[in-house]
$ cat work_18.cif   # mmCIF, C-alpha atoms and all ligand atoms
data_input
loop_
_atom_site.label_atom_id
_atom_site.label_comp_id
_atom_site.auth_asym_id
_atom_site.auth_seq_id
_atom_site.Cartn_x
_atom_site.Cartn_y
_atom_site.Cartn_z
CA MET M 1333 -17.89 13.23 4.01
CA PHE M 1334 -16.83 14.04 0.45
CA GLN M 1335 -18.81 12.12 -2.13
CA MET M 1336 -17.52 11.93 -5.69
CA ALA M 1337 -18.96 14.82 -7.63
CA GLU M 1338 -21.88 14.21 -9.92
CA PRO M 1339 -20.44 15.01 -13.35
CA SER M 1340 -23.62 16.80 -14.35
CA SER M 1341 -23.31 19.23 -11.44
CA TYR M 1342 -20.50 21.11 -13.20
CA LEU M 1343 -20.63 23.09 -16.39
CA PHE M 1344 -17.87 20.87 -17.74
CA PRO M 1345 -18.09 17.21 -16.66
CA ILE M 1346 -15.24 15.79 -14.59
CA ALA M 1347 -14.92 12.01 -14.67
CA ASP M 1348 -14.96 10.04 -11.42
CA HIS M 1349 -11.38 9.86 -10.12
CA GLU M 1350 -10.20 12.45 -12.63
CA HIS M 1351 -7.56 14.95 -11.52
CA LEU M 1352 -8.67 18.56 -11.70
CA VAL M 1353 -5.82 19.46 -14.06
CA SER M 1354 -6.94 16.71 -16.40
CA ALA M 1355 -10.45 18.16 -16.67
CA TRP M 1356 -8.87 21.57 -17.25
CA ILE M 1357 -6.74 20.12 -20.08
CA ARG M 1358 -9.80 18.51 -21.70
CA LEU M 1359 -11.77 21.73 -21.38
CA ASN M 1360 -8.98 23.60 -23.16
CA LEU M 1361 -8.68 20.97 -25.89
CA ARG M 1362 -12.41 21.08 -26.46
CA SER M 1363 -12.29 24.87 -26.70
CA GLY M 1364 -9.78 24.59 -29.55
CA MET M 1365 -6.76 25.60 -27.46
CA GLY M 1366 -4.75 22.54 -28.56
CA TYR M 1367 -2.69 24.64 -31.00
CA PHE M 1368 -1.79 27.34 -28.49
CA SER M 1369 1.41 27.30 -26.51
CA PHE M 1370 1.04 26.31 -22.89
CA ASP M 1371 1.95 29.83 -21.76
CA GLN M 1372 -0.80 31.26 -23.97
CA VAL M 1373 -3.31 28.86 -22.45
CA LEU M 1374 -2.30 29.94 -18.94
CA LYS M 1375 -2.57 33.57 -19.98
CA LYS M 1376 -6.07 33.03 -21.32
CA TRP M 1377 -7.16 31.93 -17.84
CA ASN M 1378 -5.22 34.72 -16.11
CA LEU M 1379 -2.80 32.26 -14.62
CA PRO M 1380 0.87 33.23 -14.27
CA LYS M 1381 3.49 31.22 -16.18
CA ARG M 1382 3.96 28.13 -14.08
CA HIS M 1383 4.73 24.46 -14.04
CA ILE M 1384 1.66 22.52 -13.03
CA GLN M 1385 2.53 19.86 -10.51
CA ALA M 1386 0.78 16.59 -9.89
CA GLN M 1387 1.05 16.16 -6.15
CA ARG M 1388 1.08 19.61 -4.56
CA PRO M 1389 -1.93 21.79 -3.79
CA ASP M 1390 -2.27 24.70 -6.24
CA GLU M 1391 -4.81 27.15 -4.93
CA MET M 1392 -4.62 29.55 -7.86
CA LEU M 1393 -5.32 26.84 -10.40
CA LEU M 1394 -8.12 25.42 -8.24
CA LYS M 1395 -9.87 28.77 -8.07
CA SER M 1396 -9.48 29.36 -11.78
CA VAL M 1397 -10.83 25.93 -12.78
CA ALA M 1398 -13.65 26.15 -10.25
CA SER M 1399 -14.85 29.35 -11.87
CA GLN M 1400 -14.42 27.97 -15.41
CA ILE M 1401 -16.63 24.98 -14.67
CA ARG M 1402 -18.93 27.05 -12.42
CA CYS M 1403 -18.27 24.93 -9.35
CA ILE M 1404 -19.37 26.68 -6.19
CA ASP M 1405 -17.87 24.19 -3.77
CA GLU M 1406 -14.11 24.60 -4.24
CA ARG M 1407 -13.35 22.56 -1.16
CA ARG M 1408 -15.22 19.52 -2.41
CA LEU M 1409 -13.63 19.90 -5.84
CA ALA M 1410 -10.18 19.99 -4.25
CA TYR M 1411 -10.69 16.91 -2.10
CA THR M 1412 -12.27 14.71 -4.74
CA HIS M 1413 -10.10 15.78 -7.66
CA THR M 1414 -6.62 16.65 -6.31
CA ALA M 1415 -4.17 15.09 -3.85
CA VAL M 1416 -4.86 17.74 -1.20
CA ALA M 1417 -6.40 15.36 1.37
CA LEU M 1418 -3.03 13.79 2.18
CA TRP M 1419 -1.54 17.25 2.83
CA GLU M 1420 -3.95 17.54 5.73
CA LEU M 1421 -1.67 15.12 7.58
CA SER M 1422 1.04 17.79 7.58
CA VAL M 1423 -1.01 20.80 8.48
CA GLU M 1424 -1.47 22.29 11.92
CA MET M 1425 -5.05 23.29 12.63
CA ASP M 1426 -4.28 27.01 12.42
CA GLN M 1427 -2.56 26.65 9.03
CA ARG M 1428 -5.48 25.05 7.23
CA LEU M 1429 -6.76 28.18 5.59
CA GLU M 1430 -3.45 29.18 4.11
CA LEU M 1431 -1.99 25.87 3.12
CA THR M 1432 -0.33 26.93 -0.12
CA ASN M 1433 1.34 29.86 1.58
CA CYS M 1434 3.24 27.78 4.09
CA LEU M 1435 4.38 24.86 1.95
CA ALA M 1436 8.11 24.30 1.75
CA PRO M 1437 9.39 25.27 -1.72
CA ALA M 1438 9.03 22.47 -4.29
CA ARG M 1439 12.74 22.62 -5.09
CA LEU M 1440 13.52 21.26 -1.63
CA GLU M 1441 11.58 18.12 -2.49
CA HIS M 1442 13.99 17.31 -5.28
CA THR M 1443 16.92 17.34 -2.91
CA THR M 1444 15.34 15.10 -0.28
CA LEU M 1445 12.55 13.01 -1.80
CA ALA M 1446 13.42 9.96 -3.90
CA PHE M 1447 10.08 8.95 -5.44
CA ASN M 1448 8.68 10.35 -8.66
CA THR M 1449 6.88 13.64 -8.05
CA GLY M 1450 5.84 14.03 -11.70
CA TRP M 1451 2.64 13.05 -13.49
CA GLN M 1452 2.05 9.29 -13.54
CA LEU M 1453 -0.19 7.08 -15.63
CA CYS M 1454 -1.31 3.48 -16.03
CA PRO M 1455 -1.43 2.44 -19.71
CA ARG M 1456 -4.26 -0.05 -19.04
CA CYS M 1457 -6.39 2.65 -17.42
CA ALA M 1458 -5.66 5.01 -20.32
CA GLU M 1459 -6.77 2.37 -22.81
CA ASN M 1460 -9.89 1.40 -20.83
CA ASP M 1461 -10.94 5.01 -20.27
CA LYS M 1462 -10.55 5.82 -23.93
CA GLU M 1463 -12.62 2.80 -24.88
CA GLN M 1464 -15.38 3.54 -22.38
CA LEU M 1465 -15.51 7.34 -22.37
CA GLY M 1466 -13.93 8.30 -25.67
CA TYR M 1467 -11.04 10.05 -23.90
CA SER M 1468 -8.29 9.19 -21.46
CA PHE M 1469 -7.67 11.26 -18.34
CA TRP M 1470 -5.12 11.79 -15.57
CA HIS M 1471 -6.32 9.85 -12.54
CA ARG M 1472 -6.21 11.62 -9.20
CA ASN M 1473 -5.25 8.40 -7.40
CA HIS M 1474 -2.21 7.93 -9.67
CA GLN M 1475 -0.89 11.33 -8.49
CA LEU M 1476 -1.04 10.71 -4.73
CA PRO M 1477 2.43 11.49 -3.32
CA SER M 1478 4.71 8.39 -3.31
CA VAL M 1479 2.07 6.01 -4.73
CA ALA M 1480 3.78 3.84 -7.33
CA HIS M 1481 1.04 1.39 -8.36
CA CYS M 1482 -2.32 1.67 -10.07
CA TYR M 1483 -5.21 1.55 -7.59
CA ILE M 1484 -7.27 -0.44 -10.09
CA HIS M 1485 -4.76 -2.81 -11.72
CA GLY M 1486 -2.01 -2.99 -9.09
CA THR M 1487 0.56 -2.49 -11.86
CA GLU M 1488 3.48 -0.05 -11.74
CA LEU M 1489 2.70 3.53 -12.71
CA LEU M 1490 4.72 5.01 -15.55
CA SER M 1491 6.17 8.46 -16.14
CA CYS M 1492 9.08 10.21 -17.88
CA ASP M 1493 11.24 13.32 -17.59
CA SER M 1494 8.90 15.52 -19.61
CA LEU M 1495 6.08 14.67 -17.21
CA ARG M 1496 7.90 16.12 -14.22
CA HIS M 1497 5.59 19.12 -14.59
CA MET M 1498 2.58 19.48 -16.83
CA SER M 1499 3.66 21.87 -19.53
CA SER M 1500 1.41 20.93 -22.45
CA LEU M 1501 -2.22 19.99 -23.05
CA ILE M 1502 -1.67 16.26 -23.19
CA LEU M 1503 -3.69 13.28 -21.94
CA PRO M 1504 -2.35 9.84 -20.94
CA ALA M 1505 -3.42 7.98 -24.11
CA SER M 1506 -1.11 10.25 -26.17
CA TRP M 1507 1.92 8.66 -24.54
CA HIS M 1508 3.36 5.49 -25.97
CA PRO M 1509 4.23 3.12 -23.09
CA ALA M 1510 7.63 2.52 -24.74
CA ASP M 1511 8.54 6.18 -24.03
CA LEU M 1512 7.70 5.82 -20.36
CA SER M 1513 9.22 3.95 -17.47
CA SER M 1514 8.64 3.30 -13.79
CA MET M 1515 10.96 3.80 -10.87
CA PRO M 1516 12.79 0.61 -9.91
CA LEU M 1517 10.34 -0.84 -7.38
CA SER M 1518 10.65 -3.74 -4.99
CA SER M 1519 7.60 -5.93 -4.44
CA GLU M 1520 7.34 -4.64 -0.85
CA LEU M 1521 6.30 -1.29 -2.29
CA GLN M 1522 2.95 -2.70 -3.38
CA LYS M 1523 2.04 -2.61 0.29
CA TRP M 1524 3.22 0.99 0.59
CA SER M 1525 1.05 2.07 -2.38
CA ARG M 1526 -1.97 0.31 -0.87
CA PHE M 1527 -1.27 1.94 2.49
CA VAL M 1528 -1.16 5.48 1.07
CA LEU M 1529 -4.40 4.86 -0.84
CA LYS M 1530 -6.02 3.57 2.34
CA VAL M 1531 -4.94 6.62 4.38
CA ASP M 1532 -6.27 8.86 1.61
CA ARG M 1533 -9.64 7.06 1.69
CA ILE M 1534 -9.84 7.42 5.47
CA LEU M 1535 -9.09 11.16 5.21
CA LEU M 1536 -11.80 11.63 2.60
CA GLU M 1537 -14.25 10.09 5.08
CA SER M 1538 -13.23 12.37 7.93
CA LEU M 1539 -10.36 14.77 8.57
CA GLU M 1540 -10.89 14.51 12.31
CA VAL M 1541 -8.80 11.38 12.25
CA VAL M 1542 -5.68 13.55 11.76
CA SER M 1543 -5.73 14.88 15.31
CA GLU M 1544 -6.68 11.43 16.67
CA TRP M 1545 -3.65 9.87 14.93
CA ARG M 1546 -1.39 12.63 16.22
CA SER M 1547 -2.52 12.11 19.83
CA GLU M 1548 -1.96 8.37 19.47
CA ILE M 1549 1.52 8.86 17.99
CA TRP M 1550 2.46 11.04 20.98
CA LEU M 1551 1.04 8.45 23.38
CA LEU M 1552 2.64 5.42 21.71
CA LEU M 1553 6.07 7.07 21.55
CA GLY M 1554 5.84 8.53 25.06
CA LEU M 1555 6.60 12.05 23.83
CA PRO M 1556 6.27 15.22 25.93
CA LYS M 1557 3.36 17.42 24.84
CA LYS M 1558 5.73 20.15 23.68
CA ILE M 1559 8.92 18.68 22.29
CA ARG M 1560 11.99 20.77 23.12
CA LEU M 1561 15.53 20.73 21.85
CA LYS M 1562 16.68 18.97 25.01
CA ASP M 1563 14.43 16.00 24.10
CA ARG M 1564 16.58 15.24 21.04
CA SER M 1565 18.20 12.17 22.60
CA LEU M 1566 14.78 10.53 23.01
CA PHE M 1567 14.59 10.39 19.26
CA ASP M 1568 17.84 8.49 18.67
CA ASP M 1569 16.46 5.27 20.16
CA LEU M 1570 13.08 5.74 18.55
CA SER M 1571 14.73 6.32 15.21
CA THR M 1572 16.55 2.97 15.34
CA GLN M 1573 13.24 1.19 15.96
CA PHE M 1574 11.55 3.25 13.26
CA GLU M 1575 14.15 2.38 10.61
CA ALA M 1576 14.23 -1.33 11.49
CA LYS M 1577 10.47 -1.76 11.42
CA THR M 1578 9.72 0.45 8.43
CA GLY M 1579 12.32 -1.26 6.28
CA TYR M 1580 14.87 -0.14 3.72
CA ALA M 1581 12.57 -0.72 0.72
CA VAL M 1582 10.09 1.92 1.85
CA LEU M 1583 12.65 4.35 3.27
CA SER M 1584 14.75 4.32 0.11
CA HIS M 1585 11.64 4.77 -2.03
CA LEU M 1586 10.80 7.91 -0.08
CA PHE M 1587 14.09 9.56 0.86
CA LYS M 1588 17.25 10.01 -1.18
CA ALA M 1589 19.40 9.79 1.95
CA TYR M 1590 18.48 6.11 2.26
CA ARG M 1591 19.57 5.37 -1.29
CA ASP M 1592 23.02 6.77 -1.01
CA ASP M 1593 25.33 5.45 1.70
CA ARG M 1594 27.43 8.59 1.60
CA ASP M 1595 24.58 10.76 2.79
CA LYS M 1596 24.04 11.51 6.42
CA ARG M 1597 20.58 10.14 7.14
CA PRO M 1598 18.04 12.53 8.55
CA ASN M 1599 16.20 11.65 11.73
CA ILE M 1600 12.76 11.55 10.12
CA LEU M 1601 10.96 11.43 13.46
CA TRP M 1602 12.76 14.48 14.85
CA THR M 1603 12.39 16.41 11.61
CA THR M 1604 8.66 15.73 11.50
CA LEU M 1605 7.58 15.94 15.11
CA TYR M 1606 9.80 18.72 16.47
CA ASP M 1607 9.09 22.34 15.67
CA ARG M 1608 6.17 21.81 13.34
CA ALA M 1609 4.98 25.37 13.09
CA LYS M 1610 7.46 26.92 10.66
CA THR M 1611 6.92 24.99 7.43
CA VAL M 1612 4.55 22.31 6.27
CA ARG M 1613 6.38 19.02 5.85
CA HIS M 1614 5.66 16.95 2.80
CA PRO M 1615 2.94 14.41 3.77
CA VAL M 1616 5.22 11.41 3.21
CA TYR M 1617 7.00 12.34 6.47
CA TRP M 1618 3.74 11.79 8.35
CA LEU M 1619 2.72 8.83 6.18
CA VAL M 1620 5.88 6.91 6.95
CA ILE M 1621 5.37 7.40 10.70
CA LEU M 1622 1.80 6.15 10.36
CA PHE M 1623 3.11 3.19 8.32
CA TRP M 1624 5.61 2.33 11.07
CA LEU M 1625 2.83 2.37 13.69
CA ARG M 1626 0.11 0.99 11.38
CA PHE M 1627 -0.70 -2.06 13.53
CA GLU M 1628 -1.09 0.01 16.69
CA LEU M 1629 -3.15 2.63 14.84
CA ASN M 1630 -5.32 0.02 13.17
CA ILE M 1631 -4.62 1.16 9.60
CA ASP M 1632 -2.96 -1.99 8.41
CA VAL M 1633 -3.11 -3.27 4.83
CA ASP M 1634 -1.37 -6.66 5.23
ZN ZN M 1701 -4.69 1.02 -14.10
#
$ encode --input "work_18.cif" --output "structure tokens"
Amino acid sequence: MFQMAEPSSYLFPIADHEHLVSAWIRLNLRSGMGYFSFDQVLKKWNLPKRHIQAQRPDEMLLKSVASQIRCIDERRLAYTHTAVALWELSVEMDQRLELTNCLAPARLEHTTLAFNTGWQLCPRCAENDKEQLGYSFWHRNHQLPSVAHCYIHGTELLSCDSLRHMSSLILPASWHPADLSSMPLSSELQKWSRFVLKVDRILLESLEVVSEWRSEIWLLLGLPKKIRLKDRSLFDDLSTQFEAKTGYAVLSHLFKAYRDDRDKRPNILWTTLYDRAKTVRHPVYWLVILFWLRFELNIDVD
């Protein structure tokens, strides 16, 4: 459904697989903004002072960049050059038009999510891109929520504290790999990274699959159409099966509560499936349920 954009169709060319923010950084560098403070750069584009995040939809930035590069199809730009497709897993049909308004605050992610939510890079990609294109760029697929491996090389993605938010006009090749590190990752997480990339690819083909997956989840788990508070006990049994089959490696990569024995563990299934209307859950809640049921749903990567 969404083909990669032809670079020539925009006023400023975006590389295949390049994140939108990366193209925006290059545009600014090319316009001589490299010596300005980040706040001044934002001001120039009428953007409020903000931290630019890798994995969350940012409608204001999207609109601003779309107009800078004279792109008339914002939707296509968003799907091919940001991580927004995976957020579709979390969104109810009637929320689609106002996604950024109903997201849970980012600060909540830091208290519950364990994986790196900052900007990630693969040093081999940075080197190859620079060699082939003359510049390195932030890859969209390296910024998909909870993905920890390069989609090209299969190697661990690197990051550091100062990349938690983008707050300077900097491209991946400017970082020395010695100043970066990866999260401690078990080999089982390779499969998780491949799974998230596969779900993302399926979503880019067709978003209709979201409602199909939801119906199948309800059917497979034998859930009532409208889940009520009194159904809570149903979820205790299901949760035991979910944890056993999903595995500690994946759960502790995603959720802090599984890393620390002192924490009371959330019932991920209940949290995700009950009362979905109030806030948009981070997509990893839906991804991990799909991962648990991947054989039944035919989205396996083994
Ligand atoms: Zn790579």
$ residues_around --input "work_18.cif" --residues "range 1366-1369 of chain M" --least-positions-apart "2" --cutoff "12 Å" --atoms "all atoms listed in the file" --output "PyMOL selection string"
chain M and resi 1357-1364+1371-1376+1381+1499-1503
$ residues_around --input "work_18.cif" --residues "Val1582 in chain M" --least-positions-apart "5" --cutoff "8 Å" --atoms "all atoms listed in the file" --output "compact mmCIF listing (two decimals) with C-alpha atoms, in the coordinates of the input"
# COMPACT_ATOMS: atom_id res chain seq x y z
CA GLU M 1520 7.34 -4.64 -0.85
CA LEU M 1521 6.30 -1.29 -2.29
CA TRP M 1524 3.22 0.99 0.59
$ atom_distance --input "work_18.cif" --atom1 "CA of Gln1385 in chain M" --atom2 "CA of Trp1451 in chain M"
7.4 Å
$ residues_around --input "work_18.cif" --residues "Arg1526 in chain M" --least-positions-apart "6" --cutoff "10 Å" --atoms "all atoms listed in the file" --output "MDAnalysis selection string"
chainID M and resid 1479:1483 1486 1532 1632:1634
$ closest_residue --input "work_18.cif" --among "M:Ala1458, M:Val1416, M:Ile1346, M:Ala1581" --to "ligand ZN 1701 (chain M)" --atoms "only C-alpha atoms and all ligand atoms"
M:Ala1458
$ atom_distance --input "work_18.cif" --atom1 "CA of Trp1507 in chain M" --atom2 "CA of Ile1384 in chain M"
18.0 Å
$ closest_residue --input "work_18.cif" --among "M:Thr1414, M:Ser1478, M:Ser1494, M:Thr1578" --to "Val1528 in chain M" --atoms "all atoms listed in the file"
M:Ser1478
$ atom_distance --input "work_18.cif" --atom1 "CA of Tyr1411 in chain M" --atom2 "CA of Leu1535 in chain M"
9.4 Å
$ residues_around --input "work_18.cif" --residues "Trp1602 in chain M" --least-positions-apart "2" --cutoff "12 Å" --atoms "all atoms listed in the file" --output "PyMOL selection string"
chain M and resi 1555+1559-1571+1574+1597-1600+1604-1608+1613+1617-1618+1621
$ closest_atom_pairs --input "work_18.cif" --of "chain M" --to "ligand ZN 1701 (chain M)" --cutoff "9 Å" --atoms "all atoms listed in the file" --output "Markdown table"
| residue | atom | partner | partner_atom | distance |
| --- | --- | --- | --- | --- |
| M:Leu1453 | CA | M:ZN1701 | ZN | 7.7 |
| M:Cys1454 | CA | M:ZN1701 | ZN | 4.6 |
| M:Pro1455 | CA | M:ZN1701 | ZN | 6.6 |
| M:Arg1456 | CA | M:ZN1701 | ZN | 5.1 |
| M:Cys1457 | CA | M:ZN1701 | ZN | 4.1 |
| M:Ala1458 | CA | M:ZN1701 | ZN | 7.5 |
| M:Asn1460 | CA | M:ZN1701 | ZN | 8.5 |
| M:His1474 | CA | M:ZN1701 | ZN | 8.6 |
| M:His1481 | CA | M:ZN1701 | ZN | 8.1 |
| M:Cys1482 | CA | M:ZN1701 | ZN | 4.7 |
| M:Tyr1483 | CA | M:ZN1701 | ZN | 6.6 |
| M:Ile1484 | CA | M:ZN1701 | ZN | 5.0 |
| M:His1485 | CA | M:ZN1701 | ZN | 4.5 |
| M:Gly1486 | CA | M:ZN1701 | ZN | 7.0 |
| M:Thr1487 | CA | M:ZN1701 | ZN | 6.7 |
| M:Glu1488 | CA | M:ZN1701 | ZN | 8.6 |
| M:Leu1489 | CA | M:ZN1701 | ZN | 7.9 |
$ closest_residue --input "work_18.cif" --among "M:His1383, M:Arg1472, M:Arg1496, M:His1508" --to "Glu1459 in chain M" --atoms "all atoms listed in the file"
M:His1508
$ residues_around --input "work_18.cif" --residues "Leu1476 in chain M" --least-positions-apart "6" --cutoff "8 Å" --atoms "only C-alpha atoms" --output "JSON, numbers by chain"
{"M": [1387, 1415, 1418, 1528, 1529]}
$ closest_residue --input "work_18.cif" --among "M:Thr1412, M:Ser1399, M:Asn1630, M:Asn1378" --to "Trp1545 in chain M" --atoms "all atoms listed in the file"
M:Asn1630
$ closest_residue --input "work_18.cif" --among "M:Ser1513, M:Gln1400, M:Thr1449, M:Gln1573" --to "Gln1475 in chain M" --atoms "only C-alpha atoms"
M:Thr1449
$ closest_residue --input "work_18.cif" --among "M:Leu1379, M:Ala1446, M:Leu1601, M:Ala1589" --to "Leu1517 in chain M" --atoms "all atoms listed in the file"
M:Ala1446
$ build_atoms --input "work_18.cif" --residues "range 1358-1388 of chain M" --atoms "N, CA and C atoms" --output "short mmCIF file (atom, residue, chain, number, x, y, z; two decimals), keeping the file's coordinate frame"
data_model
loop_
_atom_site.label_atom_id
_atom_site.label_comp_id
_atom_site.auth_asym_id
_atom_site.auth_seq_id
_atom_site.Cartn_x
_atom_site.Cartn_y
_atom_site.Cartn_z
N ARG M 1358 -8.76 18.92 -20.74
CA ARG M 1358 -9.80 18.51 -21.70
C ARG M 1358 -10.69 19.69 -22.09
N LEU M 1359 -10.97 20.54 -21.09
CA LEU M 1359 -11.77 21.73 -21.38
C LEU M 1359 -11.07 22.61 -22.41
N ASN M 1360 -9.76 22.78 -22.22
CA ASN M 1360 -8.98 23.60 -23.16
C ASN M 1360 -8.92 22.97 -24.55
N LEU M 1361 -8.74 21.65 -24.59
CA LEU M 1361 -8.68 20.97 -25.89
C LEU M 1361 -10.01 21.12 -26.61
N ARG M 1362 -11.09 20.98 -25.84
CA ARG M 1362 -12.41 21.08 -26.46
C ARG M 1362 -12.71 22.50 -26.94
N SER M 1363 -12.07 23.47 -26.28
CA SER M 1363 -12.29 24.87 -26.70
C SER M 1363 -11.34 25.26 -27.83
N GLY M 1364 -10.65 24.29 -28.41
CA GLY M 1364 -9.78 24.59 -29.55
C GLY M 1364 -8.45 25.19 -29.16
N MET M 1365 -8.02 25.00 -27.91
CA MET M 1365 -6.76 25.60 -27.46
C MET M 1365 -5.55 24.68 -27.73
N GLY M 1366 -5.82 23.53 -28.34
CA GLY M 1366 -4.75 22.54 -28.56
C GLY M 1366 -3.57 23.08 -29.35
N TYR M 1367 -3.78 24.11 -30.18
CA TYR M 1367 -2.69 24.64 -31.00
C TYR M 1367 -1.95 25.80 -30.35
N PHE M 1368 -2.44 26.22 -29.19
CA PHE M 1368 -1.79 27.34 -28.49
C PHE M 1368 -0.62 26.83 -27.67
N SER M 1369 0.32 27.71 -27.39
CA SER M 1369 1.41 27.30 -26.51
C SER M 1369 0.85 27.22 -25.09
N PHE M 1370 1.54 26.49 -24.26
CA PHE M 1370 1.04 26.31 -22.89
C PHE M 1370 0.96 27.65 -22.16
N ASP M 1371 1.96 28.50 -22.40
CA ASP M 1371 1.95 29.83 -21.76
C ASP M 1371 0.74 30.66 -22.20
N GLN M 1372 0.38 30.52 -23.47
CA GLN M 1372 -0.80 31.26 -23.97
C GLN M 1372 -2.08 30.75 -23.30
N VAL M 1373 -2.13 29.43 -23.10
CA VAL M 1373 -3.31 28.86 -22.45
C VAL M 1373 -3.43 29.40 -21.02
N LEU M 1374 -2.29 29.42 -20.32
CA LEU M 1374 -2.30 29.94 -18.94
C LEU M 1374 -2.76 31.39 -18.93
N LYS M 1375 -2.25 32.14 -19.90
CA LYS M 1375 -2.57 33.57 -19.98
C LYS M 1375 -4.07 33.77 -20.19
N LYS M 1376 -4.64 32.91 -21.03
CA LYS M 1376 -6.07 33.03 -21.32
C LYS M 1376 -6.90 32.93 -20.02
N TRP M 1377 -6.43 32.11 -19.10
CA TRP M 1377 -7.16 31.93 -17.84
C TRP M 1377 -6.60 32.81 -16.72
N ASN M 1378 -5.81 33.81 -17.10
CA ASN M 1378 -5.22 34.72 -16.11
C ASN M 1378 -4.36 34.01 -15.08
N LEU M 1379 -3.71 32.94 -15.52
CA LEU M 1379 -2.80 32.26 -14.62
C LEU M 1379 -1.37 32.65 -14.97
N PRO M 1380 -0.52 32.88 -13.97
CA PRO M 1380 0.87 33.23 -14.27
C PRO M 1380 1.58 32.03 -14.92
N LYS M 1381 2.69 32.31 -15.62
CA LYS M 1381 3.49 31.22 -16.18
C LYS M 1381 3.90 30.31 -15.05
N ARG M 1382 3.61 29.03 -15.19
CA ARG M 1382 3.96 28.13 -14.08
C ARG M 1382 4.03 26.70 -14.58
N HIS M 1383 4.74 25.89 -13.80
CA HIS M 1383 4.73 24.46 -14.04
C HIS M 1383 3.59 23.90 -13.20
N ILE M 1384 2.78 23.06 -13.80
CA ILE M 1384 1.66 22.52 -13.03
C ILE M 1384 2.05 21.15 -12.48
N GLN M 1385 2.03 21.06 -11.16
CA GLN M 1385 2.53 19.86 -10.51
C GLN M 1385 1.41 18.90 -10.15
N ALA M 1386 1.78 17.62 -10.09
CA ALA M 1386 0.78 16.59 -9.89
C ALA M 1386 0.35 16.45 -8.43
N GLN M 1387 1.31 16.63 -7.51
CA GLN M 1387 1.05 16.16 -6.15
C GLN M 1387 0.87 17.28 -5.12
N ARG M 1388 1.15 18.52 -5.53
CA ARG M 1388 1.08 19.61 -4.56
C ARG M 1388 -0.20 20.44 -4.75
#
